[in-house]
$ cat entry_14.cif   # mmCIF, C-alpha atoms
data_protein
loop_
_atom_site.group_PDB
_atom_site.id
_atom_site.type_symbol
_atom_site.label_atom_id
_atom_site.label_comp_id
_atom_site.auth_asym_id
_atom_site.auth_seq_id
_atom_site.Cartn_x
_atom_site.Cartn_y
_atom_site.Cartn_z
ATOM 1 C CA MET A 56 83.996 -29.689 46.968
ATOM 2 C CA ILE A 57 82.084 -26.874 45.266
ATOM 3 C CA LYS A 58 83.534 -25.742 41.970
ATOM 4 C CA PRO A 59 84.426 -22.023 41.829
ATOM 5 C CA ALA A 60 81.407 -21.128 39.692
ATOM 6 C CA ASP A 61 78.947 -23.679 41.088
ATOM 7 C CA VAL A 62 76.391 -21.628 42.984
ATOM 8 C CA SER A 63 73.338 -23.408 41.646
ATOM 9 C CA THR A 64 70.309 -24.387 43.687
ATOM 10 C CA LYS A 65 71.361 -28.036 43.438
ATOM 11 C CA CYS A 66 74.783 -27.150 44.848
ATOM 12 C CA LEU A 67 73.256 -25.337 47.826
ATOM 13 C CA ILE A 68 70.866 -28.147 48.747
ATOM 14 C CA SER A 69 73.526 -30.840 48.271
ATOM 15 C CA LEU A 70 75.556 -29.309 51.128
ATOM 16 C CA ALA A 71 73.287 -30.982 53.713
ATOM 17 C CA PRO A 72 70.442 -32.784 51.932
ATOM 18 C CA ASP A 73 69.194 -34.656 55.031
ATOM 19 C CA ASN A 74 68.807 -31.465 57.066
ATOM 20 C CA TRP A 75 67.269 -29.702 54.076
ATOM 21 C CA VAL A 76 64.513 -32.266 53.495
ATOM 22 C CA LYS A 77 63.810 -32.443 57.248
ATOM 23 C CA TRP A 78 63.323 -28.674 57.207
ATOM 24 C CA VAL A 79 61.173 -28.331 54.097
ATOM 25 C CA THR A 80 58.904 -31.285 54.933
ATOM 26 C CA GLN A 81 58.930 -31.038 58.756
ATOM 27 C CA ILE A 82 59.253 -34.843 58.852
ATOM 28 C CA PRO A 83 61.912 -35.512 61.535
ATOM 29 C CA ASP A 84 62.928 -39.049 60.512
ATOM 30 C CA ILE A 85 63.177 -38.437 56.765
ATOM 31 C CA VAL A 86 66.458 -39.337 55.009
ATOM 32 C CA ALA A 87 67.653 -38.089 51.618
ATOM 33 C CA SER A 88 68.974 -40.925 49.469
ATOM 34 C CA GLU A 89 69.703 -39.260 46.121
ATOM 35 C CA ILE A 90 69.442 -35.971 44.245
ATOM 36 C CA LEU A 91 67.801 -36.893 40.966
ATOM 37 C CA ASN A 92 67.813 -35.479 37.460
ATOM 38 C CA SER A 93 64.949 -32.956 37.306
ATOM 39 C CA GLU A 94 65.074 -32.566 33.518
ATOM 40 C CA PHE A 95 61.856 -33.601 31.833
ATOM 41 C CA GLN A 96 61.046 -33.845 28.146
ATOM 42 C CA TRP A 97 59.792 -30.274 27.852
ATOM 43 C CA ILE A 98 61.012 -28.662 31.053
ATOM 44 C CA SER A 99 64.505 -28.087 32.450
ATOM 45 C CA ARG A 100 65.018 -25.461 35.136
ATOM 46 C CA GLU A 101 68.002 -24.611 37.345
ATOM 47 C CA SER A 102 65.678 -23.733 40.214
ATOM 48 C CA ASP A 103 64.211 -27.268 40.432
ATOM 49 C CA VAL A 104 65.872 -29.816 42.716
ATOM 50 C CA LEU A 105 64.348 -33.272 42.972
ATOM 51 C CA ILE A 106 65.380 -35.520 45.872
ATOM 52 C CA ARG A 107 64.494 -39.160 46.459
ATOM 53 C CA VAL A 108 63.806 -39.631 50.163
ATOM 54 C CA GLU A 109 62.542 -42.247 52.586
ATOM 55 C CA SER A 110 60.903 -42.250 55.997
ATOM 56 C CA PRO A 111 59.547 -45.065 58.206
ATOM 57 C CA GLN A 112 56.065 -43.530 58.163
ATOM 58 C CA TYR A 113 55.697 -42.604 54.475
ATOM 59 C CA GLY A 114 58.146 -44.925 52.748
ATOM 60 C CA LYS A 115 59.927 -43.810 49.573
ATOM 61 C CA PHE A 116 58.836 -40.616 47.826
ATOM 62 C CA LEU A 117 60.181 -37.512 46.076
ATOM 63 C CA VAL A 118 60.720 -34.025 47.471
ATOM 64 C CA LEU A 119 60.426 -31.466 44.682
ATOM 65 C CA ASN A 120 62.106 -28.159 45.580
ATOM 66 C CA GLU A 121 61.242 -25.121 43.470
ATOM 67 C CA LEU A 122 63.177 -21.964 44.454
ATOM 68 C CA GLN A 123 61.813 -18.710 43.042
ATOM 69 C CA LEU A 124 63.438 -15.306 43.381
ATOM 70 C CA ARG A 125 59.934 -13.802 43.614
ATOM 71 C CA TYR A 126 56.553 -15.478 43.514
ATOM 72 C CA LYS A 127 54.768 -15.390 40.140
ATOM 73 C CA PRO A 128 51.026 -15.941 39.588
ATOM 74 C CA GLU A 129 51.664 -18.887 37.270
ATOM 75 C CA MET A 130 53.448 -20.909 39.984
ATOM 76 C CA PRO A 131 50.417 -22.982 41.161
ATOM 77 C CA ARG A 132 49.980 -24.386 37.654
ATOM 78 C CA ARG A 133 53.712 -25.005 37.338
ATOM 79 C CA MET A 134 53.829 -26.822 40.683
ATOM 80 C CA ARG A 135 51.041 -29.096 39.451
ATOM 81 C CA ALA A 136 52.947 -29.776 36.224
ATOM 82 C CA TYR A 137 56.324 -30.360 37.921
ATOM 83 C CA ALA A 138 54.834 -32.734 40.496
ATOM 84 C CA ALA A 139 53.036 -34.760 37.825
ATOM 85 C CA LEU A 140 56.111 -34.987 35.581
ATOM 86 C CA ALA A 141 58.288 -36.098 38.526
ATOM 87 C CA GLU A 142 55.795 -38.805 39.522
ATOM 88 C CA GLU A 143 55.539 -40.026 35.931
ATOM 89 C CA LYS A 144 59.314 -40.187 35.465
ATOM 90 C CA TYR A 145 60.223 -41.894 38.755
ATOM 91 C CA ASN A 146 56.955 -43.666 39.639
ATOM 92 C CA LEU A 147 56.981 -42.268 43.181
ATOM 93 C CA PRO A 148 54.612 -39.911 45.025
ATOM 94 C CA THR A 149 55.841 -36.340 45.218
ATOM 95 C CA TYR A 150 55.975 -33.776 48.020
ATOM 96 C CA PRO A 151 56.265 -30.382 46.233
ATOM 97 C CA VAL A 152 57.760 -27.355 48.000
ATOM 98 C CA LEU A 153 57.782 -23.788 46.672
ATOM 99 C CA ILE A 154 60.465 -21.602 48.287
ATOM 100 C CA ASN A 155 60.117 -17.864 47.586
ATOM 101 C CA ILE A 156 63.270 -15.838 48.229
ATOM 102 C CA LEU A 157 62.184 -12.181 48.026
ATOM 103 C CA LYS A 158 58.821 -10.675 48.919
ATOM 104 C CA ALA A 159 56.993 -9.439 45.826
ATOM 105 C CA SER A 160 53.799 -8.063 47.404
ATOM 106 C CA GLU A 161 51.519 -8.265 50.419
ATOM 107 C CA ALA A 162 49.154 -10.668 48.626
ATOM 108 C CA GLU A 163 48.723 -14.095 50.186
ATOM 109 C CA ILE A 164 50.550 -16.828 48.271
ATOM 110 C CA PRO A 165 48.332 -19.821 47.452
ATOM 111 C CA THR A 166 49.327 -23.305 48.613
ATOM 112 C CA SER A 167 47.393 -25.304 46.036
ATOM 113 C CA TYR A 168 46.282 -25.473 42.418
ATOM 114 C CA ALA A 169 42.684 -26.373 41.580
ATOM 115 C CA SER A 170 40.577 -26.494 38.433
ATOM 116 C CA ASN A 171 37.106 -27.854 37.732
ATOM 117 C CA ILE A 172 35.917 -28.512 34.191
ATOM 118 C CA ALA A 173 32.425 -29.975 33.859
ATOM 119 C CA GLY A 174 32.770 -31.632 37.229
ATOM 120 C CA LEU A 175 36.246 -33.065 36.604
ATOM 121 C CA ARG A 176 38.638 -31.706 39.190
ATOM 122 C CA ALA A 177 42.416 -31.310 39.242
ATOM 123 C CA ILE A 178 43.964 -30.486 42.627
ATOM 124 C CA GLN A 179 47.617 -30.147 43.625
ATOM 125 C CA ASP A 180 48.645 -29.085 47.117
ATOM 126 C CA TYR A 181 52.176 -27.928 47.825
ATOM 127 C CA ARG A 182 54.039 -26.419 50.739
ATOM 128 C CA VAL A 183 55.045 -22.754 50.559
ATOM 129 C CA ILE A 184 58.105 -21.407 52.391
ATOM 130 C CA ASN A 185 58.719 -17.650 52.245
ATOM 131 C CA LEU A 186 62.315 -16.968 53.263
ATOM 132 C CA TRP A 187 61.489 -13.524 54.645
ATOM 133 C CA GLU A 188 59.304 -15.320 57.221
ATOM 134 C CA VAL A 189 62.009 -17.841 58.219
ATOM 135 C CA ASP A 190 63.836 -17.103 61.482
ATOM 136 C CA VAL A 191 67.504 -16.484 60.709
ATOM 137 C CA ASN A 192 68.556 -18.567 63.730
ATOM 138 C CA ILE A 193 67.439 -21.708 61.900
ATOM 139 C CA ALA A 194 70.329 -21.292 59.460
ATOM 140 C CA PHE A 195 72.824 -21.367 62.339
ATOM 141 C CA ALA A 196 71.181 -23.779 64.774
ATOM 142 C CA GLN A 197 70.030 -26.825 62.787
ATOM 143 C CA PRO A 198 72.518 -26.354 60.998
ATOM 144 C CA LEU A 199 71.362 -25.519 57.490
ATOM 145 C CA PRO A 200 74.401 -24.365 55.481
ATOM 146 C CA SER A 201 72.147 -24.176 52.409
ATOM 147 C CA LEU A 202 70.413 -21.175 54.027
ATOM 148 C CA LEU A 203 73.585 -19.268 54.975
ATOM 149 C CA PRO A 204 73.830 -17.347 51.655
ATOM 150 C CA PHE A 205 70.223 -16.193 52.220
ATOM 151 C CA VAL A 206 70.853 -14.876 55.751
ATOM 152 C CA PRO A 207 70.442 -11.171 54.810
ATOM 153 C CA ILE A 208 66.868 -11.697 53.629
ATOM 154 C CA LEU A 209 65.787 -14.099 56.401
ATOM 155 C CA LYS A 210 63.701 -12.749 59.288
ATOM 156 C CA GLY A 211 66.104 -10.967 61.652
ATOM 157 C CA GLY A 212 69.102 -11.426 59.363
ATOM 158 C CA GLU A 213 69.312 -7.937 57.900
ATOM 159 C CA ASN A 214 71.801 -6.489 60.404
ATOM 160 C CA GLU A 215 75.516 -6.292 59.685
ATOM 161 C CA SER A 216 76.622 -8.394 62.683
ATOM 162 C CA THR A 217 74.457 -11.363 61.683
ATOM 163 C CA ILE A 218 75.638 -11.165 58.082
ATOM 164 C CA ARG A 219 79.252 -11.088 59.291
ATOM 165 C CA GLU A 220 78.564 -14.207 61.395
ATOM 166 C CA ALA A 221 77.308 -16.038 58.309
ATOM 167 C CA LEU A 222 80.339 -14.795 56.384
ATOM 168 C CA GLN A 223 82.745 -16.203 58.997
ATOM 169 C CA ILE A 224 81.116 -19.633 58.777
ATOM 170 C CA LEU A 225 81.346 -19.662 54.982
ATOM 171 C CA ARG A 226 84.979 -18.572 54.986
ATOM 172 C CA ALA A 227 85.975 -21.176 57.595
ATOM 173 C CA ASP A 228 84.780 -24.108 55.471
ATOM 174 C CA GLU A 229 86.483 -24.912 52.177
ATOM 175 C CA GLN A 230 83.267 -26.450 50.893
ATOM 176 C CA LEU A 231 81.280 -23.307 51.658
ATOM 177 C CA ASN A 232 83.620 -20.408 50.922
ATOM 178 C CA GLN A 233 82.615 -20.076 47.269
ATOM 179 C CA LEU A 234 79.121 -19.142 48.473
ATOM 180 C CA GLU A 235 80.457 -15.849 49.834
ATOM 181 C CA THR A 236 79.581 -14.144 46.560
ATOM 182 C CA VAL A 237 75.957 -15.299 46.814
ATOM 183 C CA LEU A 238 75.808 -13.997 50.386
ATOM 184 C CA ALA A 239 77.211 -10.679 49.132
ATOM 185 C CA PHE A 240 74.562 -10.530 46.416
ATOM 186 C CA PHE A 241 71.672 -10.891 48.877
ATOM 187 C CA ALA A 242 73.394 -8.553 51.351
ATOM 188 C CA THR A 243 73.052 -5.729 48.801
ATOM 189 C CA PHE A 244 69.286 -5.845 49.401
ATOM 190 C CA VAL A 245 69.731 -4.752 53.048
ATOM 191 C CA LEU A 246 73.144 -3.033 53.255
ATOM 192 C CA GLU A 247 74.881 -0.332 51.229
ATOM 193 C CA SER A 248 76.718 -1.835 48.268
ATOM 194 C CA THR A 249 79.945 -0.098 49.267
ATOM 195 C CA LEU A 250 79.839 -1.739 52.706
ATOM 196 C CA VAL A 251 79.154 -5.142 51.172
ATOM 197 C CA GLN A 252 82.134 -4.774 48.856
ATOM 198 C CA GLU A 253 84.334 -3.730 51.774
ATOM 199 C CA ILE A 254 83.606 -6.784 53.908
ATOM 200 C CA MET A 255 83.017 -9.468 51.263
ATOM 201 C CA ARG A 256 84.522 -10.924 48.135
ATOM 202 C CA TRP A 257 82.634 -9.747 45.044
ATOM 203 C CA ASP A 258 83.513 -12.313 42.387
ATOM 204 C CA MET A 259 81.548 -11.451 39.252
ATOM 205 C CA ALA A 260 82.629 -14.654 37.502
ATOM 206 C CA VAL A 261 80.875 -16.621 40.237
ATOM 207 C CA LEU A 262 77.950 -14.227 40.514
ATOM 208 C CA HIS A 263 77.240 -14.449 36.785
ATOM 209 C CA GLU A 264 76.499 -18.164 37.317
ATOM 210 C CA SER A 265 73.868 -17.434 39.952
ATOM 211 C CA PRO A 266 70.344 -18.005 38.590
ATOM 212 C CA TRP A 267 69.065 -15.280 40.938
ATOM 213 C CA TYR A 268 71.491 -12.674 39.568
ATOM 214 C CA GLN A 269 70.437 -13.542 36.029
ATOM 215 C CA GLU A 270 66.788 -13.242 37.017
ATOM 216 C CA ILE A 271 67.405 -9.802 38.563
ATOM 217 C CA LEU A 272 68.898 -8.650 35.267
ATOM 218 C CA ARG A 273 65.974 -10.117 33.339
ATOM 219 C CA GLU A 274 63.592 -8.284 35.653
ATOM 220 C CA GLY A 275 65.355 -5.059 34.814
ATOM 221 C CA GLU A 276 64.943 -5.796 31.124
ATOM 222 C CA ALA A 277 61.293 -6.688 31.609
ATOM 223 C CA ARG A 278 60.634 -3.381 33.314
ATOM 224 C CA GLY A 279 61.535 -1.625 30.088
ATOM 225 C CA GLU A 280 59.229 -3.864 28.037
ATOM 226 C CA ALA A 281 56.220 -4.007 30.330
ATOM 227 C CA ARG A 282 54.725 -0.575 29.684
ATOM 228 C CA GLY A 283 53.478 0.623 26.338
ATOM 229 C CA GLU A 284 53.994 4.348 26.702
ATOM 230 C CA LEU A 285 57.334 5.614 25.452
ATOM 231 C CA ARG A 286 58.018 7.681 28.554
ATOM 232 C CA GLY A 287 57.118 4.835 30.856
ATOM 233 C CA ARG A 288 59.374 2.425 28.981
ATOM 234 C CA LYS A 289 62.296 4.830 29.271
ATOM 235 C CA GLU A 290 61.788 5.291 32.996
ATOM 236 C CA GLU A 291 61.604 1.541 33.543
ATOM 237 C CA LEU A 292 64.744 0.995 31.459
ATOM 238 C CA TYR A 293 66.564 3.630 33.527
ATOM 239 C CA SER A 294 65.387 1.845 36.668
ATOM 240 C CA GLY A 295 66.575 -1.541 35.412
ATOM 241 C CA ILE A 296 69.966 -0.141 34.377
ATOM 242 C CA GLU A 297 70.373 1.593 37.733
ATOM 243 C CA LEU A 298 69.589 -1.642 39.603
ATOM 244 C CA ALA A 299 72.080 -3.642 37.509
ATOM 245 C CA LEU A 300 74.791 -0.996 38.007
ATOM 246 C CA GLU A 301 74.324 -0.959 41.776
ATOM 247 C CA ILE A 302 74.374 -4.751 42.109
ATOM 248 C CA LYS A 303 77.432 -5.161 39.901
ATOM 249 C CA PHE A 304 79.552 -2.080 40.676
ATOM 250 C CA GLY A 305 78.030 -0.356 43.723
ATOM 251 C CA ASN A 306 78.233 3.435 44.001
ATOM 252 C CA GLN A 307 80.981 3.597 41.387
ATOM 253 C CA GLY A 308 78.562 2.185 38.849
ATOM 254 C CA LEU A 309 75.792 4.551 39.890
ATOM 255 C CA GLU A 310 78.053 7.503 39.053
ATOM 256 C CA LEU A 311 77.395 6.686 35.378
ATOM 257 C CA MET A 312 73.653 7.262 35.692
ATOM 258 C CA PRO A 313 73.812 11.033 34.978
ATOM 259 C CA ILE A 314 75.433 10.189 31.619
ATOM 260 C CA ILE A 315 73.072 7.320 30.852
ATOM 261 C CA SER A 316 70.003 9.356 31.804
ATOM 262 C CA GLN A 317 70.809 11.743 28.943
ATOM 263 C CA ILE A 318 70.286 8.910 26.431
ATOM 264 C CA THR A 319 66.672 8.742 25.280
ATOM 265 C CA ASP A 320 66.807 6.203 22.466
ATOM 266 C CA LEU A 321 65.183 2.965 23.659
ATOM 267 C CA GLN A 322 67.406 0.676 21.592
ATOM 268 C CA LYS A 323 70.544 2.381 22.904
ATOM 269 C CA LEU A 324 69.318 1.974 26.474
ATOM 270 C CA LYS A 325 68.691 -1.722 25.847
ATOM 271 C CA THR A 326 72.198 -2.046 24.393
ATOM 272 C CA ILE A 327 73.644 -0.463 27.554
ATOM 273 C CA GLN A 328 71.635 -2.870 29.700
ATOM 274 C CA GLN A 329 73.096 -5.800 27.773
ATOM 275 C CA ALA A 330 76.610 -4.335 27.995
ATOM 276 C CA ILE A 331 76.415 -4.273 31.806
ATOM 277 C CA LYS A 332 76.154 -8.070 31.736
ATOM 278 C CA THR A 333 79.342 -8.537 29.725
ATOM 279 C CA VAL A 334 81.774 -5.913 31.019
ATOM 280 C CA ASN A 335 83.884 -6.620 34.102
ATOM 281 C CA THR A 336 84.774 -3.097 35.241
ATOM 282 C CA VAL A 337 83.291 0.382 35.310
ATOM 283 C CA ASN A 338 86.123 1.542 33.038
ATOM 284 C CA GLU A 339 85.091 -0.995 30.404
ATOM 285 C CA LEU A 340 81.513 0.253 30.574
ATOM 286 C CA GLN A 341 82.690 3.857 30.305
ATOM 287 C CA GLN A 342 84.595 2.902 27.167
ATOM 288 C CA VAL A 343 81.438 1.352 25.696
ATOM 289 C CA LEU A 344 79.519 4.536 26.461
ATOM 290 C CA SER A 345 82.148 6.851 25.016
ATOM 291 C CA THR A 346 82.578 4.747 21.872
ATOM 292 C CA ASN A 347 78.929 4.245 21.014
ATOM 293 C CA PHE A 348 76.849 6.905 22.680
ATOM 294 C CA THR A 349 78.788 10.192 22.668
#

$ encode --input "entry_14.cif" --output "structure tokens"
Amino acid sequence: MIKPADVSTKCLISLAPDNWVKWVTQIPDIVASEILNSEFQWISRESDVLIRVESPQYGKFLVLNELQLRYKPEMPRRMRAYAALAEEKYNLPTYPVLINILKASEAEIPTSYASNIAGLRAIQDYRVINLWEVDVNIAFAQPLPSLLPFVPILKGGENESTIREALQILRADEQLNQLETVLAFFATFVLESTLVQEIMRWDMAVLHESPWYQEILREGEARGEARGELRGRKEELYSGIELALEIKFGNQGLELMPIISQITDLQKLKTIQQAIKTVNTVNELQQVLSTNFT
């Protein structure tokens, strides 16, 4: 049974590991035998899930699952490193899979890493799965309960009726119902936040544990750091704060933006951005604003 705050990648995949590895590898007779420790000496990431598998054709090997909120240019090198570390630790060949959740740009995502130094080559192929290209019906038909929280951002899953169908399945299963908050989080990318909060449970204690929610907040912070010009940094901080307010509090949170937009000090804006992570209600955030910034 899933613990109330366990919405990790490992938790999602462990719901139906056999169906998951069949889907990511497209090997129909593959069987998952064990979810392994993916912590290496220098690397430990919540988004990595390493599974020992076996098939009649390929024997025993590892399936390395790397889930990314958005693709980053450094991922090919990371996939090479993760695959090599997994093979070294468990002495088994590795099938690496990169799963990208949200579309970052129109650029084509590479499916291999390659370098050539003085004629010595390093090559690592890996499979790429972009969730926005995955037909939403796969989540319901196979079945793949691990994909149900991602329904809103799957291909064809952005409409309210399909999201409600996924919600009903999650609520009907005691093992799945804690994933409702994750479904709500991704639903905010395609539906109005107020509608999401009307039809779904919005448990911030659970959502705080989601690695994707934490990455969204970090992205907002990074927006304020990425540009050197003072005006640009302010605008990006406003944008990051606005995004965090909408995800966490919906329209009620956005009502604070007129007040926040009057604050021009960069350090104060960063403090507000941090405060959004820790407060539980809009009233608490209003108290922070009135105490420190008025």

$ residues_around --input "entry_14.cif" --residues "A:Glu297" --least-positions-apart "6" --cutoff "12 Å" --atoms "all atoms listed in the file" --output "ChimeraX atom specification"
/A:271-272,275-276,278,290-291,303-316,324,327-328,331

$ resolve_selection --input "entry_14.cif" --expression "the PyMOL selection byres ((chain A and resi 84) around 12)" --output "PDB file with C-alpha atoms, in the coordinates of the input"
ATOM      1  CA  ASP A  73      69.194 -34.656  55.031  1.00  0.00           C
ATOM      2  CA  ASN A  74      68.807 -31.465  57.066  1.00  0.00           C
ATOM      3  CA  VAL A  76      64.513 -32.266  53.495  1.00  0.00           C
ATOM      4  CA  LYS A  77      63.810 -32.443  57.248  1.00  0.00           C
ATOM      5  CA  TRP A  78      63.323 -28.674  57.207  1.00  0.00           C
ATOM      6  CA  THR A  80      58.904 -31.285  54.933  1.00  0.00           C
ATOM      7  CA  GLN A  81      58.930 -31.038  58.756  1.00  0.00           C
ATOM      8  CA  ILE A  82      59.253 -34.843  58.852  1.00  0.00           C
ATOM      9  CA  PRO A  83      61.912 -35.512  61.535  1.00  0.00           C
ATOM     10  CA  ILE A  85      63.177 -38.437  56.765  1.00  0.00           C
ATOM     11  CA  VAL A  86      66.458 -39.337  55.009  1.00  0.00           C
ATOM     12  CA  ALA A  87      67.653 -38.089  51.618  1.00  0.00           C
ATOM     13  CA  VAL A 108      63.806 -39.631  50.163  1.00  0.00           C
ATOM     14  CA  GLU A 109      62.542 -42.247  52.586  1.00  0.00           C
ATOM     15  CA  SER A 110      60.903 -42.250  55.997  1.00  0.00           C
ATOM     16  CA  PRO A 111      59.547 -45.065  58.206  1.00  0.00           C
ATOM     17  CA  GLN A 112      56.065 -43.530  58.163  1.00  0.00           C
ATOM     18  CA  TYR A 113      55.697 -42.604  54.475  1.00  0.00           C
ATOM     19  CA  GLY A 114      58.146 -44.925  52.748  1.00  0.00           C
TER      20      GLY A 114
END

$ resolve_selection --input "entry_14.cif" --expression "the PyMOL selection byres ((chain A and resi 131-139) around 7)" --output "number ranges by chain"
A: 129-130, 140-143, 149, 151, 167-168, 179

$ resolve_selection --input "entry_14.cif" --expression "the PyMOL selection byres ((chain A and resi 195-209) around 7)" --output "count of residues only"
27

$ atom_distance --input "entry_14.cif" --atom1 "atom CA of A:Gly174" --atom2 "atom CA of A:Leu153"
27.9 Å

$ atom_distance --input "entry_14.cif" --atom1 "atom CA of A:Leu321" --atom2 "atom CA of A:Asn338"
23.0 Å

$ axis_aligned_box --input "entry_14.cif" --around "stretch 146-151 of chain A" --padding-each-side "4 Å" --output "AutoDock Vina command-line options"
--center_x 55.8 --center_y -37.0 --center_z 43.8 --size_x 10.4 --size_y 21.3 --size_z 16.4

$ closest_residue --input "entry_14.cif" --among "A:Leu344, A:Leu122, A:Leu222, A:Ile302" --to "A:Asn155" --atoms "only C-alpha atoms"
A:Leu122

$ atom_distance --input "entry_14.cif" --atom1 "atom CA of A:Leu250" --atom2 "atom CA of A:Asn335"
19.7 Å

$ closest_residue --input "entry_14.cif" --among "A:Val152, A:Glu163, A:Glu247, A:Met255" --to "A:Gln233" --atoms "only C-alpha atoms"
A:Met255
